[in-house]
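Here's the structure, in structure tokens; my notes come after.
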Amino acid sequence: MHDFLLAKEIVDQIEEIVKKKDINQKIKKVKIELGQVALSHDGFPEHTEDISIENLQFGLKSLAKNFLKETEFEIEKVSGENWKIVDIEV
């Protein structure tokens with residue numbers, strides 16, 4: 001379930017970037033770096049969950065619409081406790 005919530009967050013951020021940069025083309029690839037993401041909002045470290053790349057890929061493809069329909073999502077596991085969009089290719 002956390003994987004799907006993160007996928008929604010990523011898609012939302014991609015949409016913001018596309019609007020901000022006025023990108024009017026289909027996006028070919030989005031590169032994402034993924035650390036161990038703590039999606040627990042209660043502050044307990046034992047409630048953190050390691051995100052599965054496969055489940056995140058599924059969530060991203062499920063949420064992809066319009067300009068993201070044919071997008072390849074390249075996800076790389078990195079150290080740290082966060083995620084970020086590294087590149088968007090058009």
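By order of appearance in the structure tokens: chains A, B, ..., then residues from 1 within every chain, and ligands from 1 in the order shown.
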Item to check | chain A: residues DSSP assigns to alpha helix (DSSP H), reported as a PyMOL selection string | outcome: chain A and resi 2-20+53-63
Contacts of Val11 of chain A at 10 Å (only C-alpha atoms; same-chain gap of 3+ positions) as a PDB file with C-alpha atoms, in the first residue's frame:
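The resulting file, part_19.pdb, is shown below:
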```pdb
ATOM      1  CA  LEU A   6       4.553   6.937  -3.064  1.00  0.00           C
ATOM      2  CA  ALA A   7       3.689   6.351  -6.732  1.00  0.00           C
ATOM      3  CA  LYS A   8       0.879   8.922  -6.408  1.00  0.00           C
ATOM      4  CA  ILE A  14       6.008  14.975 -12.300  1.00  0.00           C
ATOM      5  CA  GLU A  15       2.790  16.797 -13.203  1.00  0.00           C
ATOM      6  CA  GLU A  16       3.982  19.876 -11.276  1.00  0.00           C
ATOM      7  CA  ILE A  17       7.359  19.829 -13.057  1.00  0.00           C
ATOM      8  CA  GLY A  59       1.770   1.841  -9.016  1.00  0.00           C
ATOM      9  CA  LEU A  60       3.381   4.349 -11.379  1.00  0.00           C
ATOM     10  CA  LYS A  61       2.039   2.540 -14.459  1.00  0.00           C
ATOM     11  CA  LEU A  63      -1.532   6.010 -12.156  1.00  0.00           C
ATOM     12  CA  ALA A  64       0.091   7.118 -15.414  1.00  0.00           C
ATOM     13  CA  LYS A  65      -2.263   9.064 -17.643  1.00  0.00           C
ATOM     14  CA  LEU A  68       2.830   9.483 -18.932  1.00  0.00           C
TER      15      LEU A  68
END
```
Next on the checklist: Just the number, please: distance in Å from atom CA of Lys26 of chain A to atom CA of Gln57 of chain A, one decimal.
Outcome noted: 18.3 Å
